[in-house]
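Structure file start_13.txt (compact mmCIF, C-alpha atoms) is printed below.
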```
# COMPACT_ATOMS: atom_id res chain seq x y z
CA MET A 496 -92.32 23.37 -18.44
CA SER A 497 -89.97 23.71 -21.40
CA GLU A 498 -90.85 26.07 -24.21
CA ASN A 499 -92.38 24.65 -27.37
CA ILE A 500 -89.88 24.24 -30.20
CA ILE A 501 -92.34 22.95 -32.85
CA GLU A 502 -96.08 23.46 -33.21
CA LEU A 503 -98.50 21.97 -35.74
CA VAL A 504 -101.61 24.12 -35.97
CA ASP A 505 -104.71 22.73 -37.73
CA VAL A 506 -102.49 20.73 -40.10
CA SER A 507 -104.07 18.54 -42.78
CA LYS A 508 -102.44 16.68 -45.65
CA SER A 509 -104.15 15.21 -48.71
CA TYR A 510 -102.89 13.28 -51.69
CA GLY A 511 -105.53 13.87 -54.36
CA SER A 512 -108.86 13.02 -52.75
CA THR A 513 -107.26 11.00 -49.94
CA GLU A 514 -106.86 12.87 -46.67
CA VAL A 515 -104.05 11.24 -44.68
CA LEU A 516 -103.82 13.84 -41.88
CA LYS A 517 -106.94 15.49 -40.49
CA ASN A 518 -106.64 18.76 -38.59
CA ILE A 519 -103.64 17.83 -36.44
CA ASN A 520 -102.80 20.07 -33.48
CA LEU A 521 -99.61 19.20 -31.65
CA TYR A 522 -96.82 20.96 -29.80
CA ILE A 523 -93.38 19.53 -29.12
CA ARG A 524 -91.27 20.86 -26.26
CA ARG A 525 -87.56 21.59 -26.38
CA ASN A 526 -85.38 18.63 -25.25
CA GLU A 527 -88.38 16.28 -25.33
CA PHE A 528 -88.38 12.67 -26.60
CA LEU A 529 -91.74 12.51 -28.38
CA THR A 530 -92.96 9.39 -30.18
CA LEU A 531 -95.59 9.23 -32.93
CA LEU A 532 -97.12 5.78 -32.49
CA GLY A 533 -99.72 3.96 -34.54
CA PRO A 534 -100.39 1.25 -37.12
CA SER A 535 -99.30 1.46 -40.75
CA GLY A 536 -101.16 4.18 -42.63
CA CYS A 537 -102.10 6.20 -39.54
CA GLY A 538 -100.22 9.32 -40.71
CA LYS A 539 -97.20 9.23 -38.37
CA THR A 540 -94.52 9.22 -41.09
CA THR A 541 -96.39 11.90 -43.03
CA THR A 542 -96.34 14.06 -39.88
CA LEU A 543 -92.58 13.52 -39.59
CA ARG A 544 -92.04 14.41 -43.27
CA LEU A 545 -94.03 17.61 -42.85
CA ILE A 546 -91.82 18.63 -39.91
CA GLY A 547 -88.70 17.76 -41.91
CA GLY A 548 -89.84 19.77 -44.94
CA PHE A 549 -90.07 16.80 -47.31
CA GLU A 550 -93.81 17.48 -47.68
CA GLN A 551 -95.92 20.62 -47.37
CA PRO A 552 -99.27 20.71 -45.54
CA THR A 553 -102.43 21.01 -47.61
CA LYS A 554 -103.87 23.16 -44.81
CA GLY A 555 -102.58 24.61 -41.55
CA ASN A 556 -99.20 25.83 -40.32
CA ILE A 557 -95.98 24.36 -38.97
CA LEU A 558 -94.15 26.66 -36.56
CA PHE A 559 -90.53 26.42 -35.42
CA GLU A 560 -89.85 28.58 -32.37
CA GLY A 561 -93.03 30.47 -33.26
CA LYS A 562 -92.10 31.16 -36.90
CA ASN A 563 -93.95 29.65 -39.86
CA ILE A 564 -91.69 27.21 -41.78
CA ASN A 565 -94.26 25.81 -44.25
CA SER A 566 -92.26 26.94 -47.29
CA LEU A 567 -88.77 26.42 -45.84
CA PRO A 568 -86.84 23.63 -47.66
CA PRO A 569 -85.37 20.76 -45.61
CA TYR A 570 -81.76 21.97 -45.79
CA LYS A 571 -82.73 25.30 -44.24
CA ARG A 572 -84.55 23.74 -41.29
CA ARG A 573 -82.67 23.11 -38.05
CA VAL A 574 -83.64 19.44 -38.13
CA ASN A 575 -81.91 16.27 -39.31
CA THR A 576 -83.53 12.95 -40.21
CA VAL A 577 -82.50 9.31 -39.65
CA PHE A 578 -84.44 6.95 -41.91
CA GLN A 579 -85.03 3.21 -41.53
CA LYS A 580 -82.80 2.71 -44.57
CA TYR A 581 -79.67 4.39 -43.33
CA ALA A 582 -78.60 5.76 -46.77
CA LEU A 583 -74.90 5.60 -45.87
CA PHE A 584 -72.31 6.04 -48.62
CA SER A 585 -70.73 2.60 -49.10
CA HIS A 586 -67.70 3.98 -51.01
CA MET A 587 -66.76 6.22 -48.04
CA THR A 588 -65.18 5.37 -44.70
CA VAL A 589 -67.02 5.88 -41.41
CA GLU A 590 -65.20 9.17 -40.91
CA GLU A 591 -66.04 10.41 -44.41
CA ASN A 592 -69.72 9.50 -43.94
CA ILE A 593 -70.00 11.40 -40.68
CA ALA A 594 -67.99 14.38 -41.95
CA PHE A 595 -70.00 14.74 -45.18
CA GLY A 596 -72.37 17.46 -43.92
CA LEU A 597 -69.58 19.30 -42.10
CA LYS A 598 -67.48 19.47 -45.27
CA ILE A 599 -70.42 20.96 -47.15
CA LYS A 600 -70.51 23.66 -44.47
CA LYS A 601 -66.78 24.24 -45.22
CA LEU A 602 -65.67 23.84 -41.61
CA ASP A 603 -61.97 23.75 -40.75
CA PRO A 604 -60.56 20.18 -41.23
CA LYS A 605 -59.24 20.16 -37.65
CA VAL A 606 -62.70 21.07 -36.32
CA ILE A 607 -64.28 18.35 -38.47
CA LYS A 608 -61.84 15.72 -37.18
CA GLU A 609 -62.55 16.70 -33.57
CA LYS A 610 -66.32 16.65 -34.07
CA VAL A 611 -66.17 13.21 -35.74
CA HIS A 612 -64.01 11.89 -32.90
CA ASN A 613 -66.42 13.23 -30.26
CA ILE A 614 -69.56 11.91 -31.94
CA LEU A 615 -68.02 8.43 -32.37
CA ASN A 616 -67.37 8.42 -28.63
CA LEU A 617 -71.02 9.27 -28.05
CA VAL A 618 -72.27 6.33 -30.15
CA ASN A 619 -69.65 3.97 -28.63
CA LEU A 620 -67.74 3.46 -31.89
CA SER A 621 -64.50 5.23 -31.06
CA GLY A 622 -61.65 4.06 -33.30
CA TYR A 623 -63.89 3.12 -36.23
CA GLU A 624 -62.93 6.20 -38.31
CA LYS A 625 -61.15 4.31 -41.10
CA ARG A 626 -63.51 1.34 -41.32
CA SER A 627 -65.54 0.80 -44.48
CA ILE A 628 -69.32 0.90 -44.16
CA ASP A 629 -69.68 -2.59 -45.63
CA SER A 630 -67.52 -4.05 -42.82
CA LEU A 631 -69.99 -2.91 -40.14
CA SER A 632 -72.92 -4.83 -38.65
CA GLY A 633 -76.47 -3.54 -39.01
CA GLY A 634 -76.40 -2.11 -35.49
CA GLN A 635 -73.09 -0.35 -36.13
CA GLN A 636 -74.38 1.11 -39.41
CA GLN A 637 -77.41 2.40 -37.54
CA ARG A 638 -75.16 4.15 -35.01
CA ILE A 639 -73.17 5.75 -37.84
CA ALA A 640 -76.39 7.04 -39.44
CA ILE A 641 -77.34 8.59 -36.09
CA ALA A 642 -73.83 10.00 -35.64
CA ARG A 643 -73.95 11.58 -39.11
CA ALA A 644 -77.21 13.30 -38.22
CA LEU A 645 -76.12 14.39 -34.73
CA VAL A 646 -72.70 15.77 -35.73
CA ASN A 647 -74.48 18.65 -37.49
CA GLU A 648 -75.89 19.67 -34.09
CA PRO A 649 -79.55 19.95 -35.12
CA ASP A 650 -82.10 21.37 -32.71
CA VAL A 651 -84.42 18.49 -33.60
CA LEU A 652 -83.65 14.93 -34.70
CA LEU A 653 -86.35 13.09 -36.66
CA LEU A 654 -86.18 9.28 -36.53
CA ASP A 655 -88.39 7.26 -38.88
CA GLU A 656 -88.51 3.66 -37.54
CA PRO A 657 -84.68 3.54 -37.38
CA LEU A 658 -84.57 0.25 -35.41
CA GLY A 659 -86.92 -1.68 -37.70
CA ALA A 660 -84.15 -3.65 -39.46
CA LEU A 661 -82.44 -4.83 -36.25
CA ASP A 662 -83.00 -8.08 -34.37
CA LEU A 663 -84.90 -7.99 -31.07
CA LYS A 664 -81.93 -7.96 -28.63
CA LEU A 665 -80.05 -5.30 -30.59
CA ARG A 666 -83.23 -3.25 -30.94
CA GLN A 667 -83.72 -3.31 -27.17
CA ASP A 668 -80.09 -2.30 -26.59
CA MET A 669 -80.42 0.58 -29.05
CA GLN A 670 -83.59 1.82 -27.34
CA VAL A 671 -81.53 2.37 -24.20
CA GLU A 672 -78.68 3.93 -26.20
CA LEU A 673 -80.96 6.38 -28.03
CA LYS A 674 -82.52 7.54 -24.78
CA ARG A 675 -79.04 8.01 -23.28
CA MET A 676 -77.86 10.05 -26.28
CA GLN A 677 -80.97 12.22 -26.23
CA LYS A 678 -80.57 13.04 -22.54
CA GLN A 679 -76.82 13.64 -22.88
CA LEU A 680 -77.17 15.99 -25.87
CA GLY A 681 -80.36 17.75 -24.82
CA ILE A 682 -81.75 17.55 -28.37
CA THR A 683 -85.44 17.18 -29.18
CA PHE A 684 -86.11 13.71 -30.64
CA ILE A 685 -89.26 13.03 -32.68
CA TYR A 686 -89.52 9.29 -33.18
CA VAL A 687 -91.87 7.30 -35.42
CA THR A 688 -92.71 3.67 -34.63
CA HIS A 689 -95.52 1.12 -34.69
CA ASP A 690 -93.82 -0.78 -31.83
CA GLN A 691 -95.59 -0.14 -28.52
CA GLU A 692 -92.67 -1.40 -26.41
CA GLU A 693 -90.28 1.04 -28.11
CA ALA A 694 -92.65 3.91 -27.44
CA LEU A 695 -93.18 2.98 -23.78
CA THR A 696 -89.45 2.42 -23.19
CA MET A 697 -88.03 5.63 -24.66
CA SER A 698 -90.60 8.39 -24.72
CA ASP A 699 -91.33 11.38 -22.53
CA THR A 700 -94.54 11.87 -24.52
CA ILE A 701 -96.46 9.47 -26.79
CA VAL A 702 -98.85 10.61 -29.53
CA VAL A 703 -101.15 7.73 -30.54
CA MET A 704 -102.54 8.09 -34.07
CA LYS A 705 -105.18 6.30 -36.13
CA ASP A 706 -106.49 7.14 -39.62
CA GLY A 707 -104.79 10.56 -39.65
CA VAL A 708 -106.28 11.63 -36.32
CA ILE A 709 -104.57 11.96 -32.92
CA GLN A 710 -106.30 9.62 -30.47
CA GLN A 711 -104.40 10.50 -27.29
CA ILE A 712 -101.33 12.43 -26.13
CA GLY A 713 -99.69 11.64 -22.80
CA THR A 714 -96.82 10.14 -20.86
CA PRO A 715 -96.19 6.40 -21.29
CA GLU A 716 -97.82 5.84 -17.88
CA ASP A 717 -100.91 7.86 -18.83
CA ILE A 718 -101.31 6.14 -22.17
CA TYR A 719 -100.98 2.66 -20.65
CA ASN A 720 -102.92 3.15 -17.43
CA GLU A 721 -105.59 5.62 -18.59
CA PRO A 722 -106.34 4.97 -22.29
CA LYS A 723 -108.85 7.45 -23.73
CA ASN A 724 -110.64 4.94 -25.95
CA ALA A 725 -110.78 1.27 -26.93
CA PHE A 726 -108.35 1.72 -29.83
CA VAL A 727 -105.62 3.12 -27.56
CA ALA A 728 -106.27 0.46 -24.92
CA ASP A 729 -106.05 -2.32 -27.50
CA PHE A 730 -103.03 -0.88 -29.33
CA ILE A 731 -100.92 -0.20 -26.23
CA GLY A 732 -100.33 -3.59 -24.65
CA GLU A 733 -102.83 -6.38 -24.11
CA SER A 734 -106.31 -5.53 -22.83
CA ASN A 735 -109.62 -7.08 -21.91
CA ILE A 736 -112.25 -4.74 -23.35
CA ILE A 737 -115.81 -5.54 -22.36
CA PRO A 738 -119.11 -3.63 -22.66
CA GLY A 739 -120.44 -2.27 -19.39
CA LEU A 740 -123.08 -0.03 -17.84
CA MET A 741 -122.05 2.86 -15.60
CA LYS A 742 -124.70 2.63 -12.89
CA LYS A 743 -123.53 5.84 -11.19
CA ASP A 744 -120.27 7.45 -10.08
CA TYR A 745 -117.85 4.80 -8.76
CA LEU A 746 -120.15 1.88 -9.65
CA VAL A 747 -120.10 -0.10 -12.92
CA GLU A 748 -121.77 -3.29 -14.11
CA PHE A 749 -120.14 -5.74 -16.51
CA ALA A 750 -120.04 -9.52 -16.90
CA ASN A 751 -123.41 -9.65 -15.09
CA THR A 752 -121.72 -8.34 -11.93
CA THR A 753 -121.58 -4.93 -10.24
CA PHE A 754 -118.11 -3.60 -9.36
CA GLU A 755 -116.83 -0.63 -7.45
CA CYS A 756 -114.46 1.55 -9.51
CA VAL A 757 -112.66 4.89 -9.19
CA ASP A 758 -114.25 6.63 -12.20
CA LYS A 759 -116.95 9.28 -12.18
CA GLY A 760 -118.63 11.75 -14.49
CA PHE A 761 -120.11 9.27 -16.97
CA GLY A 762 -123.73 9.82 -15.89
CA THR A 763 -126.29 7.31 -14.67
CA ASN A 764 -127.00 3.99 -16.42
CA GLN A 765 -124.77 4.94 -19.36
CA PRO A 766 -123.24 2.33 -21.71
CA VAL A 767 -119.45 2.34 -21.45
CA ASP A 768 -116.41 0.30 -22.44
CA VAL A 769 -114.48 -1.28 -19.57
CA VAL A 770 -110.75 -1.93 -19.92
CA ILE A 771 -108.89 -4.32 -17.62
CA ARG A 772 -105.24 -5.19 -18.18
CA PRO A 773 -104.39 -8.93 -18.01
CA GLU A 774 -101.87 -8.38 -15.19
CA ASP A 775 -104.53 -6.60 -13.09
CA ILE A 776 -106.74 -9.68 -12.63
CA GLU A 777 -106.05 -11.79 -9.55
CA VAL A 778 -106.61 -15.55 -9.85
CA GLY A 779 -107.75 -17.48 -6.79
CA ASP A 780 -109.36 -20.75 -5.87
CA GLU A 781 -112.83 -21.79 -7.01
CA ASN A 782 -115.68 -19.91 -5.30
CA THR A 783 -113.41 -16.99 -4.36
CA GLY A 784 -113.43 -13.56 -5.95
CA MET A 785 -116.14 -11.79 -7.93
CA LEU A 786 -116.26 -14.00 -11.02
CA GLN A 787 -115.92 -17.76 -11.46
CA GLY A 788 -114.44 -19.37 -14.54
CA VAL A 789 -112.57 -22.25 -16.15
CA VAL A 790 -108.99 -22.10 -17.45
CA GLU A 791 -109.18 -22.74 -21.20
CA SER A 792 -105.49 -22.48 -22.11
CA VAL A 793 -102.09 -21.67 -20.61
CA THR A 794 -99.06 -20.25 -22.45
CA PHE A 795 -95.67 -19.70 -20.81
CA LYS A 796 -94.36 -16.22 -21.74
CA GLY A 797 -91.06 -16.20 -19.86
CA VAL A 798 -91.78 -13.78 -17.01
CA HIS A 799 -95.42 -14.82 -16.61
CA TYR A 800 -98.08 -17.26 -17.73
CA GLU A 801 -100.83 -16.13 -20.08
CA MET A 802 -104.11 -17.86 -19.27
CA MET A 803 -107.42 -17.64 -21.08
CA ILE A 804 -110.16 -18.02 -18.46
CA LYS A 805 -113.77 -18.39 -19.57
CA THR A 806 -116.59 -17.08 -17.38
CA ASP A 807 -120.32 -17.09 -18.20
CA THR A 808 -120.09 -13.96 -20.36
CA PHE A 809 -116.47 -13.42 -21.42
CA SER A 810 -113.09 -15.07 -22.02
CA TRP A 811 -110.52 -13.18 -19.95
CA MET A 812 -106.84 -12.90 -20.77
CA VAL A 813 -104.92 -13.11 -17.49
CA HIS A 814 -101.17 -12.68 -16.87
CA SER A 815 -99.86 -14.22 -13.68
CA THR A 816 -96.61 -15.62 -12.29
CA SER A 817 -98.55 -18.54 -10.79
CA MET A 818 -100.08 -21.01 -13.22
CA ARG A 819 -103.44 -22.77 -12.97
CA PRO A 820 -103.70 -25.84 -15.22
CA PRO A 821 -106.23 -26.08 -18.06
CA LYS A 822 -109.78 -27.12 -17.08
CA SER A 823 -109.28 -26.02 -13.48
CA GLN A 824 -112.04 -23.98 -11.82
CA VAL A 825 -110.86 -20.56 -10.56
CA GLY A 826 -112.15 -17.33 -9.08
CA LEU A 827 -111.23 -13.88 -10.41
CA THR A 828 -110.82 -10.68 -8.39
CA ILE A 829 -110.58 -7.19 -9.93
CA LEU A 830 -109.80 -4.28 -7.61
CA PRO A 831 -111.52 -0.90 -8.14
CA TYR A 832 -108.40 1.01 -9.29
CA ASN A 833 -107.68 -1.65 -11.94
CA ILE A 834 -111.00 -1.01 -13.69
CA HIS A 835 -110.72 1.69 -16.39
CA ILE A 836 -113.93 3.18 -17.77
CA MET A 837 -114.11 4.79 -21.22
CA LYS A 838 -116.87 6.34 -23.28
CA LYS A 839 -118.50 3.82 -25.58
CA ALA A 840 -116.66 3.50 -28.90
CA VAL A 841 -118.60 4.89 -31.86
CA ASP A 842 -117.92 3.12 -35.16
```
Structure encoded using structure tokens:
Amino acid sequence: MSENIIELVDVSKSYGSTEVLKNINLYIRRNEFLTLLGPSGCGKTTTLRLIGGFEQPTKGNILFEGKNINSLPPYKRRVNTVFQKYALFSHMTVEENIAFGLKIKKLDPKVIKEKVHNILNLVNLSGYEKRSIDSLSGGQQQRIAIARALVNEPDVLLLDEPLGALDLKLRQDMQVELKRMQKQLGITFIYVTHDQEEALTMSDTIVVMKDGVIQQIGTPEDIYNEPKNAFVADFIGESNIIPGLMKKDYLVEFANTTFECVDKGFGTNQPVDVVIRPEDIEVGDENTGMLQGVVESVTFKGVHYEMMIKTDTFSWMVHSTSMRPPKSQVGLTILPYNIHIMKKAVD
């Protein structure tokens, strides 16, 4: 396992009487692509600003390679930031924008030229040195903002929703490009987004946040397949969340039916939340399966159909490549390893 490059230890942040981060504990490994994911106001951007030095914690410590950097100003930290608004200098060429930080460091002009050339190759904009910023598309401007940050060779790159202004296809392309750059350079990326697909596509580790509190930390597979609570399950992809009763280890009751599952350790006859992903429900003919229902609606989603299927107790969202028409009677099958049990949510 790689060494930790950044650690947040018991970090809280308040603005007046409003506490926006509550006792955050988090470590970030060297060369890791870590994403802070959550809805607006969850504290993810504040966490990024604390790491960058644009804010100071109200309580707790931020460590960089084991040393406290709470009072270190941004320009003395070995991190660079790419914001959603790229903040490029419109009166400068591409080359001048990228070289700006290197000139401040008073590097040799030949070294600067070589570094600019190399970084433009990395972001697939070789030959754009003399272009004006205003002549570039949004995606190209975004690449230049990333190049300007990376040319300074930071140990950590902070990215605050940098793809938010791009259209869907370009955003998807840039997700792949960012992951490629991160792997090629071996730099730690800390990425902020509210977009679940972005987080699942790019990250080594996802930190899901809500109301200034970390809800779950894990790989994209862990977060998607084994959500810790109903919020995570609902926020990461589509989910059917239904109240259940854990009868005993490996046996759960929901929708007036008892199902075998693979979970244990919840006790006997304990209320739980049951999470089932729409793609994990098999649709068969009437009188087959464990539950019977009626198709209420069908929506074509491109790679699958989304069907709402009403049973006696619940309306199930089901994703399937085979469509059953509205009003048709169907049977539903849910296999044990597709049933995810969580402790009951406490409001």
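What separates CA of Asp655 (chain A) from CA of Asn720 (chain A) is a distance of 26.2 Å.
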Residues within 10 Å of (-100.8, 5.3, -25.1), file coords, all atoms listed in the file, listed as a tab-separated table (two decimals) with C-alpha atoms, keeping the file's coordinate frame:
```tsv
chain	number	residue	atom	x	y	z
A	532	LEU	CA	-97.12	5.78	-32.49
A	533	GLY	CA	-99.72	3.96	-34.54
A	691	GLN	CA	-95.59	-0.14	-28.52
A	694	ALA	CA	-92.65	3.91	-27.44
A	695	LEU	CA	-93.18	2.98	-23.78
A	700	THR	CA	-94.54	11.87	-24.52
A	701	ILE	CA	-96.46	9.47	-26.79
A	702	VAL	CA	-98.85	10.61	-29.53
A	703	VAL	CA	-101.15	7.73	-30.54
A	704	MET	CA	-102.54	8.09	-34.07
A	710	GLN	CA	-106.30	9.62	-30.47
A	711	GLN	CA	-104.40	10.50	-27.29
A	712	ILE	CA	-101.33	12.43	-26.13
A	713	GLY	CA	-99.69	11.64	-22.80
A	714	THR	CA	-96.82	10.14	-20.86
A	715	PRO	CA	-96.19	6.40	-21.29
A	716	GLU	CA	-97.82	5.84	-17.88
A	717	ASP	CA	-100.91	7.86	-18.83
A	718	ILE	CA	-101.31	6.14	-22.17
A	719	TYR	CA	-100.98	2.66	-20.65
A	720	ASN	CA	-102.92	3.15	-17.43
A	721	GLU	CA	-105.59	5.62	-18.59
A	722	PRO	CA	-106.34	4.97	-22.29
A	723	LYS	CA	-108.85	7.45	-23.73
A	724	ASN	CA	-110.64	4.94	-25.95
A	726	PHE	CA	-108.35	1.72	-29.83
A	727	VAL	CA	-105.62	3.12	-27.56
A	728	ALA	CA	-106.27	0.46	-24.92
A	729	ASP	CA	-106.05	-2.32	-27.50
A	730	PHE	CA	-103.03	-0.88	-29.33
A	731	ILE	CA	-100.92	-0.20	-26.23
A	732	GLY	CA	-100.33	-3.59	-24.65
```
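Closest to Thr588 (chain A) among A:Leu545, A:Ile523, A:Val747, A:Leu631 is A:Leu631, based on only C-alpha atoms.
If you count only C-alpha atoms and ignore residues fewer than 5 places along the chain from Ala750 (chain A), what sits within 12 Å of it is Asn735, Ile736, Ile737, Pro738, Gly739, Leu740, Asp768, Val769, Met785, Leu786, Gln787, Gly788, Lys805, Thr806, Asp807, Thr808, Phe809, Ser810, Trp811, Leu827 and Ile829 of chain A.
Of the residues under consideration (A:Gly779, A:Gly555, A:Gly760, A:Pro568), A:Gly555 shows the shortest atom-to-atom contact distance to Asn518 (chain A) when counting only C-alpha atoms.
Near Gly548 (chain A), within 9 Å and counting only C-alpha atoms, sit Leu543, Arg544, Leu545, Gln551, Ile564, Asn565, Ser566, Leu567, Pro568, Pro569, Tyr570 and Arg572 of chain A, not including residues fewer than 3 positions from it in the same chain.
Of the residues under consideration (A:Leu615, A:Ala725, A:Leu658, A:Val651), A:Leu658 shows the shortest atom-to-atom contact distance to Gly633 (chain A) when counting only C-alpha atoms.
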- Message: Set the distance at 7 Å and use all atoms listed in the file: which residues neighbour region 772-776 of chain A once local chain neighbours fewer than 6 positions away are removed? I'd like the list as a PyMOL selection string.
- Response: chain A and resi 733-735+812-815+827-829+833
- Message: Restricting the calculation to all atoms listed in the file: of A:Phe528, A:Phe595, A:Tyr686, A:Tyr522, which residue gets closest to Phe578 (chain A)?
- Response: A:Tyr686
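Between Ala640 (chain A) and the residues A:Ser621, A:Asn764, A:Thr576, A:Asn556, the shortest atom-to-atom distance, using only C-alpha atoms, involves A:Thr576.
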- Item | Nearest to Leu558 (chain A) by atom-to-atom distance, counting all atoms listed in the file, from A:Val515, A:Ile501, A:Ile709, A:Met741 | A:Ile501
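Atom pair CA of Val793 (chain A) / CA of His835 (chain A): separated by 25.3 Å.
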- Task: Could you please determine the separation between CA of Gly659 (chain A) and CA of Arg626 (chain A) in Å, to one decimal place?
- Result: 23.9 Å
- Query: At a cut-off of 12 Å from (-74.1, 5.8, -48.3) in the coordinates of the file, what residues are picked up using all atoms listed in the file, written as number ranges by chain?
  - Reply: A: 580-589, 591-593, 595, 627-629, 636-637, 639-640, 643
